[in-house]
Structures are given as structure tokens and as C-alpha cells.
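Chemist: File upload16.cif below, mmCIF, C-alpha atoms:
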data_protein
loop_
_atom_site.label_atom_id
_atom_site.label_comp_id
_atom_site.auth_asym_id
_atom_site.auth_seq_id
_atom_site.Cartn_x
_atom_site.Cartn_y
_atom_site.Cartn_z
CA MET A 1 -8.18 -201.67 -51.81
CA LYS A 2 -6.04 -200.09 -49.11
CA TYR A 3 -7.02 -197.52 -46.52
CA PRO A 4 -5.91 -193.93 -47.16
CA LYS A 5 -2.22 -193.50 -46.40
CA ALA A 6 -2.74 -191.44 -43.25
CA LEU A 7 -4.83 -194.24 -41.78
CA GLU A 8 -2.36 -196.94 -42.86
CA ASP A 9 0.39 -194.98 -41.10
CA LEU A 10 -1.62 -194.90 -37.90
CA ILE A 11 -2.36 -198.63 -38.15
CA ASP A 12 1.39 -199.25 -38.53
CA SER A 13 2.04 -197.18 -35.41
CA PHE A 14 -0.50 -199.02 -33.30
CA SER A 15 0.96 -202.32 -34.55
CA LEU A 16 4.19 -201.45 -32.74
CA LEU A 17 2.48 -201.92 -29.37
CA PRO A 18 2.86 -205.21 -27.49
CA SER A 19 0.30 -207.90 -28.37
CA VAL A 20 -1.43 -205.60 -30.84
CA GLY A 21 -1.74 -207.30 -34.22
CA ARG A 22 -2.88 -205.83 -37.51
CA LYS A 23 -6.59 -206.41 -36.72
CA SER A 24 -6.48 -204.67 -33.34
CA ALA A 25 -4.36 -201.87 -34.75
CA GLU A 26 -6.99 -201.37 -37.46
CA ARG A 27 -9.69 -201.27 -34.81
CA PHE A 28 -7.79 -198.71 -32.73
CA ALA A 29 -7.09 -196.51 -35.75
CA LEU A 30 -10.68 -196.61 -36.98
CA TYR A 31 -11.87 -195.87 -33.47
CA CYS A 32 -9.64 -192.79 -33.32
CA LEU A 33 -11.04 -191.71 -36.65
CA ASN A 34 -14.70 -192.31 -35.88
CA ARG A 35 -15.11 -191.83 -32.16
CA LEU A 36 -12.48 -189.41 -30.91
CA ASP A 37 -12.84 -185.72 -31.54
CA GLU A 38 -10.00 -183.66 -32.94
CA ALA A 39 -9.01 -182.27 -29.52
CA GLN A 40 -8.64 -185.78 -28.09
CA ILE A 41 -6.47 -186.87 -31.00
CA ILE A 42 -4.27 -183.80 -30.67
CA ASP A 43 -3.91 -184.47 -26.92
CA PHE A 44 -3.01 -188.09 -27.69
CA SER A 45 -0.41 -186.95 -30.22
CA ASN A 46 1.04 -184.41 -27.79
CA SER A 47 1.19 -186.91 -24.95
CA LEU A 48 3.39 -189.15 -27.12
CA ILE A 49 5.75 -186.27 -27.83
CA GLY A 50 5.56 -185.45 -24.12
CA ILE A 51 7.25 -188.65 -23.05
CA THR A 52 10.20 -188.02 -25.35
CA LYS A 53 10.66 -184.52 -23.95
CA ASP A 54 9.57 -184.48 -20.34
CA ILE A 55 10.63 -187.88 -19.08
CA HIS A 56 14.18 -188.75 -18.23
CA ILE A 57 15.70 -191.94 -17.00
CA CYS A 58 17.21 -191.37 -13.56
CA SER A 59 20.96 -191.62 -14.05
CA SER A 60 21.34 -193.11 -10.60
CA CYS A 61 18.70 -195.89 -10.53
CA GLY A 62 17.02 -196.17 -13.94
CA ASN A 63 13.60 -195.03 -12.70
CA ILE A 64 11.65 -192.55 -14.80
CA SER A 65 11.66 -188.97 -13.68
CA GLU A 66 10.93 -185.43 -14.68
CA LYS A 67 14.46 -184.51 -13.64
CA ASP A 68 17.86 -186.08 -14.14
CA ILE A 69 17.70 -187.69 -10.68
CA CYS A 70 14.34 -189.18 -9.68
CA SER A 71 12.31 -188.12 -6.66
CA ILE A 72 13.23 -191.31 -4.79
CA CYS A 73 16.99 -190.99 -5.31
CA SER A 74 16.86 -187.33 -4.36
CA ASP A 75 14.86 -187.99 -1.20
CA GLU A 76 17.25 -187.51 1.71
CA LYS A 77 14.89 -189.25 4.13
CA ARG A 78 15.23 -192.59 2.37
CA ASN A 79 17.94 -195.07 3.21
CA HIS A 80 20.42 -194.85 0.34
CA ARG A 81 22.41 -197.78 1.66
CA GLN A 82 19.57 -200.23 0.98
CA ILE A 83 18.86 -200.90 -2.71
CA LEU A 84 15.97 -202.95 -4.04
CA VAL A 85 16.62 -204.34 -7.51
CA VAL A 86 13.65 -204.73 -9.86
CA GLU A 87 13.30 -205.71 -13.50
CA SER A 88 11.02 -202.88 -14.56
CA ILE A 89 9.71 -199.46 -13.65
CA LYS A 90 6.30 -201.07 -13.22
CA ASP A 91 7.69 -203.35 -10.50
CA LEU A 92 9.14 -200.32 -8.75
CA TYR A 93 5.73 -198.64 -8.74
CA THR A 94 4.11 -201.83 -7.44
CA ILE A 95 6.42 -201.83 -4.44
CA GLU A 96 6.06 -198.09 -3.89
CA LYS A 97 2.29 -198.58 -3.70
CA ILE A 98 2.56 -200.63 -0.49
CA ASN A 99 4.17 -197.56 1.05
CA ASP A 100 6.43 -199.56 3.33
CA TYR A 101 9.88 -199.74 1.76
CA LYS A 102 12.12 -196.84 2.71
CA GLY A 103 15.30 -197.65 0.81
CA ILE A 104 16.04 -196.75 -2.80
CA TYR A 105 15.73 -198.76 -6.03
CA HIS A 106 17.65 -199.99 -9.00
CA VAL A 107 15.77 -200.73 -12.23
CA LEU A 108 17.51 -203.31 -14.46
CA ASN A 109 15.19 -202.61 -17.38
CA GLY A 110 14.86 -206.28 -18.29
CA ALA A 111 16.08 -209.70 -17.23
CA ILE A 112 18.60 -212.17 -18.59
CA SER A 113 16.89 -214.30 -21.23
CA PHE A 114 18.72 -216.82 -23.36
CA SER A 115 15.76 -217.23 -25.67
CA LYS A 116 15.58 -213.48 -26.33
CA GLY A 117 19.35 -213.11 -26.39
CA ILE A 118 19.43 -210.70 -23.45
CA GLY A 119 22.63 -210.97 -21.41
CA ILE A 120 23.75 -209.29 -18.21
CA HIS A 121 25.48 -206.52 -20.20
CA ASP A 122 22.20 -205.56 -21.88
CA LEU A 123 20.79 -204.66 -18.49
CA ASN A 124 21.21 -201.43 -16.56
CA ILE A 125 23.64 -202.81 -14.00
CA ASP A 126 26.89 -200.78 -14.10
CA SER A 127 25.82 -197.98 -11.78
CA LEU A 128 24.66 -200.59 -9.24
CA VAL A 129 28.01 -202.38 -9.32
CA ASP A 130 29.79 -199.03 -8.98
CA LYS A 131 27.78 -198.15 -5.87
CA VAL A 132 28.67 -201.51 -4.30
CA LYS A 133 32.35 -201.12 -5.28
CA ASN A 134 32.44 -197.68 -3.69
CA ASN A 135 31.07 -199.18 -0.52
CA GLU A 136 27.89 -197.07 -0.68
CA VAL A 137 25.56 -200.00 -0.03
CA ASP A 138 24.72 -202.17 2.98
CA GLU A 139 22.02 -204.37 1.47
CA ILE A 140 20.91 -205.36 -2.02
CA ILE A 141 17.38 -206.79 -2.08
CA LEU A 142 16.83 -208.83 -5.24
CA ALA A 143 13.21 -208.46 -6.30
CA THR A 144 13.42 -209.78 -9.85
CA ASN A 145 10.41 -211.86 -10.89
CA ALA A 146 9.91 -215.44 -9.74
CA THR A 147 10.41 -216.68 -13.31
CA LEU A 148 13.29 -218.50 -14.98
CA GLU A 149 14.58 -215.17 -16.30
CA GLY A 150 14.16 -213.36 -13.01
CA GLU A 151 15.80 -216.18 -11.07
CA THR A 152 18.74 -216.38 -13.50
CA THR A 153 19.21 -212.63 -13.25
CA ALA A 154 19.14 -212.72 -9.45
CA ARG A 155 21.80 -215.46 -9.43
CA TYR A 156 24.02 -213.56 -11.86
CA ILE A 157 23.85 -210.41 -9.78
CA LYS A 158 24.62 -212.37 -6.62
CA GLU A 159 27.66 -213.90 -8.37
CA LEU A 160 28.78 -210.53 -9.69
CA LEU A 161 28.67 -208.90 -6.26
CA SER A 162 29.94 -211.86 -4.24
CA GLU A 163 33.48 -210.44 -3.91
CA TYR A 164 32.22 -207.27 -2.22
CA ASN A 165 31.19 -206.81 1.35
CA VAL A 166 27.45 -206.38 0.85
CA LYS A 167 24.45 -208.25 2.21
CA ILE A 168 22.38 -209.73 -0.60
CA THR A 169 18.80 -210.81 0.07
CA ARG A 170 15.96 -212.06 -2.10
CA LEU A 171 12.23 -211.43 -1.56
CA ALA A 172 10.46 -214.43 0.00
CA TYR A 173 8.54 -216.89 -2.10
CA GLY A 174 5.42 -218.40 -0.63
CA LEU A 175 1.68 -218.68 -0.63
CA PRO A 176 -0.10 -215.53 -1.69
CA VAL A 177 -2.06 -213.96 1.16
CA GLY A 178 -5.76 -214.77 0.90
CA GLY A 179 -5.05 -217.50 -1.63
CA ASP A 180 -6.63 -220.95 -1.49
CA LEU A 181 -3.94 -223.62 -1.15
CA SER A 182 -5.60 -225.85 -3.72
CA TYR A 183 -5.28 -223.17 -6.39
CA VAL A 184 -1.61 -222.49 -5.81
CA ASP A 185 0.86 -224.03 -8.26
CA GLU A 186 3.24 -226.76 -7.08
CA MET A 187 6.40 -224.70 -7.44
CA THR A 188 5.01 -222.04 -5.12
CA VAL A 189 3.99 -224.65 -2.55
CA LEU A 190 7.47 -226.15 -2.75
CA LYS A 191 9.04 -222.74 -2.19
CA ALA A 192 6.66 -222.09 0.70
CA PHE A 193 7.87 -225.35 2.28
CA GLU A 194 11.52 -224.43 1.85
CA GLY A 195 10.89 -221.05 3.41
CA ARG A 196 8.77 -222.29 6.33
CA HIS A 197 9.53 -220.88 9.78
CA GLU A 198 8.84 -221.64 13.41
CA TYR A 199 5.36 -220.58 14.48
CA MET B 1 3.12 -192.55 -5.95
CA LYS B 2 2.01 -191.52 -9.40
CA TYR B 3 3.92 -191.74 -12.64
CA PRO B 4 5.39 -188.48 -13.99
CA LYS B 5 2.67 -186.30 -15.53
CA ALA B 6 3.79 -186.85 -19.13
CA LEU B 7 3.43 -190.59 -18.67
CA GLU B 8 0.06 -190.27 -16.90
CA ASP B 9 -1.16 -188.19 -19.85
CA LEU B 10 -0.13 -190.89 -22.28
CA ILE B 11 -1.80 -193.57 -20.14
CA ASP B 12 -5.00 -191.48 -20.20
CA SER B 13 -4.79 -191.26 -23.98
CA PHE B 14 -4.32 -195.00 -24.46
CA SER B 15 -7.25 -195.59 -22.07
CA LEU B 16 -9.53 -193.91 -24.63
CA LEU B 17 -9.11 -196.87 -26.99
CA PRO B 18 -11.75 -199.60 -27.11
CA SER B 19 -11.26 -202.47 -24.61
CA VAL B 20 -8.09 -200.88 -23.27
CA GLY B 21 -8.30 -200.53 -19.50
CA ARG B 22 -5.93 -198.75 -17.16
CA LYS B 23 -3.59 -201.77 -16.90
CA SER B 24 -3.19 -202.21 -20.66
CA ALA B 25 -2.85 -198.47 -21.16
CA GLU B 26 -0.04 -198.49 -18.59
CA ARG B 27 1.63 -201.34 -20.44
CA PHE B 28 1.37 -199.54 -23.78
CA ALA B 29 2.70 -196.28 -22.35
CA LEU B 30 5.64 -197.95 -20.61
CA TYR B 31 6.38 -199.90 -23.78
CA CYS B 32 6.53 -196.65 -25.76
CA LEU B 33 8.85 -195.24 -23.15
CA ASN B 34 11.16 -198.23 -22.86
CA ARG B 35 11.11 -199.95 -26.21
CA LEU B 36 10.35 -197.43 -28.95
CA ASP B 37 12.99 -195.03 -30.10
CA GLU B 38 12.33 -191.32 -30.41
CA ALA B 39 11.79 -191.48 -34.19
CA GLN B 40 9.11 -194.15 -33.81
CA ILE B 41 7.29 -192.10 -31.18
CA ILE B 42 7.43 -188.98 -33.33
CA ASP B 43 6.05 -190.98 -36.29
CA PHE B 44 3.29 -192.32 -34.06
CA SER B 45 2.44 -188.81 -32.90
CA ASN B 46 2.43 -187.48 -36.46
CA SER B 47 0.27 -190.32 -37.74
CA LEU B 48 -2.38 -189.34 -35.19
CA ILE B 49 -2.32 -185.74 -36.38
CA GLY B 50 -2.34 -187.10 -39.94
CA ILE B 51 -5.79 -188.60 -39.62
CA THR B 52 -7.25 -185.28 -38.46
CA LYS B 53 -5.72 -183.47 -41.43
CA ASP B 54 -5.55 -185.83 -44.36
CA ILE B 55 -8.67 -187.94 -43.99
CA HIS B 56 -12.10 -186.71 -44.90
CA ILE B 57 -15.45 -188.39 -44.68
CA CYS B 58 -16.94 -188.72 -48.15
CA SER B 59 -19.91 -186.35 -48.19
CA SER B 60 -21.77 -188.70 -50.50
CA CYS B 61 -21.42 -192.10 -48.80
CA GLY B 62 -19.62 -191.70 -45.46
CA ASN B 63 -16.53 -193.66 -46.52
CA ILE B 64 -13.12 -192.30 -45.61
CA SER B 65 -11.18 -190.56 -48.30
CA GLU B 66 -8.26 -188.28 -49.03
CA LYS B 67 -10.65 -186.03 -50.97
CA ASP B 68 -14.15 -184.69 -50.31
CA ILE B 69 -15.67 -187.43 -52.47
CA CYS B 70 -14.18 -190.91 -52.07
CA SER B 71 -12.56 -192.92 -54.85
CA ILE B 72 -15.56 -195.27 -55.06
CA CYS B 73 -18.17 -192.52 -55.36
CA SER B 74 -16.06 -190.70 -57.94
CA ASP B 75 -15.51 -193.84 -60.01
CA GLU B 76 -17.65 -193.44 -63.14
CA LYS B 77 -17.33 -197.14 -63.99
CA ARG B 78 -19.27 -198.20 -60.91
CA ASN B 79 -23.04 -198.51 -60.88
CA HIS B 80 -24.26 -195.50 -58.90
CA ARG B 81 -27.84 -196.78 -58.94
CA GLN B 82 -26.95 -199.75 -56.71
CA ILE B 83 -26.09 -198.87 -53.10
CA LEU B 84 -24.82 -201.32 -50.51
CA VAL B 85 -25.50 -200.16 -46.96
CA VAL B 86 -22.95 -201.12 -44.26
CA GLU B 87 -22.58 -200.24 -40.61
CA SER B 88 -18.91 -199.34 -40.70
CA ILE B 89 -16.02 -198.40 -42.93
CA LYS B 90 -14.44 -201.71 -41.96
CA ASP B 91 -17.40 -203.60 -43.44
CA LEU B 92 -17.03 -201.60 -46.64
CA TYR B 93 -13.39 -202.63 -46.90
CA THR B 94 -14.30 -206.26 -46.21
CA ILE B 95 -16.68 -206.25 -49.17
CA GLU B 96 -14.25 -204.35 -51.40
CA LYS B 97 -11.67 -207.07 -50.72
CA ILE B 98 -13.75 -209.70 -52.52
CA ASN B 99 -13.44 -207.49 -55.59
CA ASP B 100 -16.83 -208.46 -56.97
CA TYR B 101 -19.31 -205.74 -56.07
CA LYS B 102 -19.50 -202.98 -58.66
CA GLY B 103 -22.08 -200.65 -57.15
CA ILE B 104 -21.40 -197.93 -54.58
CA TYR B 105 -21.72 -197.88 -50.79
CA HIS B 106 -23.37 -196.07 -47.96
CA VAL B 107 -21.75 -196.16 -44.51
CA LEU B 108 -24.20 -195.69 -41.62
CA ASN B 109 -21.41 -195.28 -39.08
CA GLY B 110 -23.18 -197.39 -36.47
CA ALA B 111 -26.40 -199.31 -35.92
CA ILE B 112 -29.55 -198.68 -33.96
CA SER B 113 -29.01 -199.82 -30.38
CA PHE B 114 -31.54 -199.30 -27.61
CA SER B 115 -29.03 -200.27 -24.94
CA LYS B 116 -26.52 -197.69 -26.18
CA GLY B 117 -29.19 -195.10 -26.92
CA ILE B 118 -28.38 -194.93 -30.62
CA GLY B 119 -31.42 -194.13 -32.76
CA ILE B 120 -31.90 -193.87 -36.50
CA HIS B 121 -31.16 -190.12 -36.43
CA ASP B 122 -27.73 -190.73 -34.90
CA LEU B 123 -26.77 -192.63 -38.03
CA ASN B 124 -25.51 -191.24 -41.33
CA ILE B 125 -28.73 -191.81 -43.24
CA ASP B 126 -30.01 -188.50 -44.65
CA SER B 127 -27.94 -188.48 -47.84
CA LEU B 128 -29.10 -192.04 -48.57
CA VAL B 129 -32.77 -191.09 -48.16
CA ASP B 130 -32.19 -188.04 -50.36
CA LYS B 131 -30.74 -190.17 -53.14
CA VAL B 132 -33.74 -192.49 -52.99
CA LYS B 133 -36.16 -189.53 -52.93
CA ASN B 134 -34.48 -188.02 -55.98
CA ASN B 135 -34.94 -191.31 -57.76
CA GLU B 136 -31.18 -191.85 -58.15
CA VAL B 137 -31.26 -195.46 -56.91
CA ASP B 138 -32.52 -198.77 -58.31
CA GLU B 139 -31.44 -201.10 -55.52
CA ILE B 140 -30.50 -200.76 -51.87
CA ILE B 141 -28.62 -203.81 -50.56
CA LEU B 142 -28.80 -203.94 -46.77
CA ALA B 143 -25.55 -205.44 -45.45
CA THR B 144 -25.81 -204.48 -41.79
CA ASN B 145 -24.55 -207.15 -39.41
CA ALA B 146 -26.54 -210.27 -38.57
CA THR B 147 -26.96 -209.07 -34.99
CA LEU B 148 -29.94 -207.67 -33.11
CA GLU B 149 -28.69 -204.14 -33.80
CA GLY B 150 -27.93 -204.81 -37.45
CA GLU B 151 -31.27 -206.50 -38.02
CA THR B 152 -33.18 -203.68 -36.30
CA THR B 153 -31.34 -201.14 -38.39
CA ALA B 154 -32.10 -203.02 -41.61
CA ARG B 155 -35.81 -203.14 -40.74
CA TYR B 156 -35.90 -199.44 -39.91
CA ILE B 157 -34.28 -198.52 -43.19
CA LYS B 158 -36.68 -200.77 -45.09
CA GLU B 159 -39.60 -199.06 -43.33
CA LEU B 160 -38.17 -195.61 -43.99
CA LEU B 161 -37.80 -196.25 -47.70
CA SER B 162 -40.96 -198.30 -48.22
CA GLU B 163 -42.88 -195.39 -49.75
CA TYR B 164 -40.35 -194.95 -52.54
CA ASN B 165 -39.98 -196.96 -55.69
CA VAL B 166 -36.70 -198.74 -54.85
CA LYS B 167 -35.81 -202.42 -54.66
CA ILE B 168 -34.54 -203.31 -51.20
CA THR B 169 -32.54 -206.51 -50.69
CA ARG B 170 -30.66 -208.03 -47.75
CA LEU B 171 -27.49 -210.13 -47.92
CA ALA B 172 -28.21 -213.86 -47.53
CA TYR B 173 -27.76 -215.62 -44.22
CA GLY B 174 -26.50 -219.17 -44.28
CA LEU B 175 -23.73 -221.59 -43.57
CA PRO B 176 -20.26 -220.15 -43.90
CA VAL B 177 -18.38 -221.68 -46.83
CA GLY B 178 -15.88 -224.28 -45.63
CA GLY B 179 -17.56 -224.43 -42.23
CA ASP B 180 -18.37 -227.67 -40.45
CA LEU B 181 -22.12 -227.92 -39.83
CA SER B 182 -21.59 -229.15 -36.29
CA TYR B 183 -19.76 -225.97 -35.36
CA VAL B 184 -22.36 -223.60 -36.74
CA ASP B 185 -24.72 -221.94 -34.26
CA GLU B 186 -28.42 -222.81 -34.30
CA MET B 187 -29.62 -219.42 -35.47
CA THR B 188 -27.43 -219.64 -38.56
CA VAL B 189 -28.65 -223.17 -39.33
CA LEU B 190 -32.23 -221.92 -38.96
CA LYS B 191 -31.55 -219.03 -41.32
CA ALA B 192 -29.88 -221.42 -43.77
CA PHE B 193 -33.05 -223.54 -43.73
CA GLU B 194 -35.26 -220.53 -44.35
CA GLY B 195 -33.10 -219.46 -47.25
CA ARG B 196 -32.74 -222.90 -48.84
CA HIS B 197 -33.21 -223.12 -52.60
CA GLU B 198 -33.83 -225.74 -55.26
CA TYR B 199 -30.70 -227.62 -56.20
#
Hey, can you dump this file as C-alpha cells for me?

Modeler:
Amino acid sequence: MKYPKALEDLIDSFSLLPSVGRKSAERFALYCLNRLDEAQIIDFSNSLIGITKDIHICSSCGNISEKDICSICSDEKRNHRQILVVESIKDLYTIEKINDYKGIYHVLNGAISFSKGIGIHDLNIDSLVDKVKNNEVDEIILATNATLEGETTARYIKELLSEYNVKITRLAYGLPVGGDLSYVDEMTVLKAFEGRHEY
Amino acid sequence: MKYPKALEDLIDSFSLLPSVGRKSAERFALYCLNRLDEAQIIDFSNSLIGITKDIHICSSCGNISEKDICSICSDEKRNHRQILVVESIKDLYTIEKINDYKGIYHVLNGAISFSKGIGIHDLNIDSLVDKVKNNEVDEIILATNATLEGETTARYIKELLSEYNVKITRLAYGLPVGGDLSYVDEMTVLKAFEGRHEY
């Protein structure tokens, strides 16, 4: 016995989400049916349509925006000659939260992954290379994740831009602030050693 | 810095789902934005609206249905004098899957819970009591969960119907088939002892 079609459709939709299997999708769909009122479901439905209509990808940096150019790229007070490269929009927001960085961003929308078959040309990289070519940039700060994929991506980008006159830096690895040394993984300790400085 | 409003709205909607916190909701919303194409999002949106339009709650038993009376309640071949009482639609579907039970159902849509402030009158129970009162039922099988809430609910219903001439049974507790005794919790072993029978 199957659920009514309308419910099956909703289960299929929830199954599209990351790490949501059939069981969780069923739970979400039944929850919508039993616990949300009609107004909440209509709002939910509209908010999905909303992101297809009201959100654009900034043509300059790949950030999300309500306009064609995002609020960061269109902010004249920021340093447009310093570009911080991140894998995802979420990373960009993480850095914005510390309220310290005053340059602009470039969102790759992914990282090179051999296992997933993602190469450099699947990433949002062309507009970054163009900016460097046109001599619009002083410094590229590579802030891809400290994972195999993030590291590979950082190296590729460094290689790609090596012929141009641009300073390329990478965020420091090291011990997390407030962390207990005994809980930190070996790779991080090793990186903290490599990056040690006079005190 | 906040996300664009359309994205914040979608994050709020995903946060309504059970055991989905702000972080997961953010991940779901960004996934929709980055990884689903427009057609998938529109389907998702429509499937939400679909459940408000195309799914009804069976006025007889509380099951979900495309019509006012569900396919089980309108099935003349089933025994309408035997009613199996479950907490949720999901439980109903679990029992339907074994393809053995030939009576009808009654979905309480919850269980009595003092901690959540859910009493007997918050449950879908009136139509069940009416059927018993009108002498339409031979047997009520209580299949609420083997939890504190489910057990309390079963006892309440038994109490409520005690004055009427109806047989009330409860699904058996015991060892799960195929289970290793050493992995079974003590309460279940105890219940299995209580319910032991001549062999």
C-alpha cells in the first residue's frame, strides 16, 4: 500500500536534500501534513519559489544577491584589489561574521575532487582569472578548506595564476583558539609546527 | 551580515521540520539554491501545495486519503467490526505492509503525554467511541507504541470503553523475530516472560 500520490511527491522532493533518506523524507512529509497549518505550508512553498526568483548569483564574485552585483562587490568602501577565495557561499558568510575582512570575495562553488569528478573547469574561476589578467588585483587570499580537495584546489589556483604579478596567500593552519592540545589531530599540530613564529 | 531575504525565508521554513535546527536548515536551503535546478524547486514547491489540496483526513478513521473516506474504510471486503488503533498514519502503513490484517483502523494522531501536555481530548478519539457506543464494533486492537505514552494511551482507551460490550486486545510484546537475546533490552525480555505460552 502506497501513500496518496500527493504525499509520495512530497516525500520524493524531501529525498532530494543532502543526507535525507527515504525514512527521513517520509517523516518530514508526514510532519508537514500533520503538524503544519495550511498557511505555514503555503509560506514554505512560496519560499522555495522565492529563491528561484529573487536570488541571483553575483556575476562578479559568485556570491548570492538580490541584485546582479552583490552588496559586497558594489561596496565602494571595500578594497577591490584584495580577493578572498572560498569554496562556498557559506564560507563567505562565516568570514563576514567576524567583521574584520575588508576586501572582496570570490566563491568557487565547489572544490576539485577526483573522486566526484570535479575539475578546475567545473568551478567558478574564469572571472577571477580575468580580474588578475587585467591587473585589477593585488592579493589573492586562498581560503579553501583544509581538506584534500581544498588543498588541491588552492594549489591549482596558485599554479594557474603563477605567471601573473599577484601576491597569493593562504590562510594559516594551526591550533584552534581555546582548543586543548591533546584533542587536536596530528595533521593540525604538524601544520602548527611548520607555521610557528618567533614569540 | 544576513542572507538575502528569500533565502532567510526558506531557512525559516526548513527550520519548522522536526529535528532540523538552524544549521541544517541553512544547509538544506543552500543546497536547494546551489544544487537543484529550477524545475526541481518548482516541483518541490508544488508538492507542498499538493498536500494541502489533494490529501484529506478520512472522517471515519483519521487515515490520509484522496477522498473523504479512505480506501480502507470504503473497502467492503474488510471487517468493519474489528478496529486496530494506532498512534500515527505511519504505524497504519507499517501494519498494512505485512498484508495480513483484514479489519479497519483508527488513527489517534498522537498519544497522551504529560510532558508535552497532550491529553485524551487532543487525540482523534470521538469517532471511535461513537462507533463503539453504536455497537458497530466487536474488537478493538490497541496497537499504540510500547512506550510510556503509548501504554498510557492504551490504558485510557481501555478505561474509556470499559462500560461498553466490546472486546479490547493489545498487540503482544516479546522478542523481535530474528533478534539475538543478548541484544534485547530488559523490559522486552520481561514482557516476553509475562507473555510466554505453552509450547

Chemist: Counting all atoms listed in the file, what are the residues of chain B within 6 Å of chain A, and for each of them which pair of atoms is the nearest and at what distance in Å, to one decimal? Sort the table by chain and rising number, as JSON lines.

Modeler:
{"residue": "B:Ala6", "atom": "CA", "partner": "A:Gly50", "partner_atom": "CA", "distance": 5.5}
{"residue": "B:Asp9", "atom": "CA", "partner": "A:Ser47", "partner_atom": "CA", "distance": 5.8}
{"residue": "B:Leu10", "atom": "CA", "partner": "A:Ser47", "partner_atom": "CA", "distance": 5.0}
{"residue": "B:Ser13", "atom": "CA", "partner": "A:Phe44", "partner_atom": "CA", "distance": 5.2}
{"residue": "B:Phe44", "atom": "CA", "partner": "A:Ser13", "partner_atom": "CA", "distance": 5.2}
{"residue": "B:Ser45", "atom": "CA", "partner": "A:Ser45", "partner_atom": "CA", "distance": 4.3}
{"residue": "B:Ser47", "atom": "CA", "partner": "A:Leu10", "partner_atom": "CA", "distance": 5.0}
{"residue": "B:Leu48", "atom": "CA", "partner": "A:Ser45", "partner_atom": "CA", "distance": 5.9}
{"residue": "B:Gly50", "atom": "CA", "partner": "A:Ala6", "partner_atom": "CA", "distance": 5.5}
{"residue": "B:Ile51", "atom": "CA", "partner": "A:Ala6", "partner_atom": "CA", "distance": 5.5}

Chemist: Using only C-alpha atoms, determine which residues lie at most 10 Å from Ala192 (chain B), disregarding the query and same-chain residues fewer than 6 positions distant; provide the list as a list of chain:residue names.

Modeler: B:Ala172, B:Tyr173, B:Gly174, B:Leu175, B:Pro176, B:Glu186

Chemist: May I have the residues within 10 Å of region 147-154 of chain A as an NGL selection string, using all atoms listed in the file and disregarding those fewer than 6 positions away in the same chain?

Modeler: :A and (85-87 or 108 or 110-115 or 118-120 or 123 or 141 or 160 or 168-170)

Chemist: Which is closer to Arg81 (chain B) than all the others in B:Lys116, B:Val137, B:Ser127, B:Glu163, using all atoms listed in the file?

Modeler: B:Val137

Chemist: At what distance in Å, to one decimal, does CA of Ile157 (chain B) lie from CA of Lys102 (chain B)?

Modeler: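 CA of Lys102 (chain B) sits 21.9 Å away from CA of Ile157 (chain B).
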
Chemist: I'd like the interatomic distance between CA of Thr144 (chain B) and CA of Glu198 (chain B), to a tenth of an Å.

Modeler: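 Distance between the two atoms: 26.4 Å.
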
Chemist: Just the number, please: distance in Å from CA of Asp68 (chain A) to CA of Lys23 (chain B), one decimal.

Modeler: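 So the answer is 26.7 Å.
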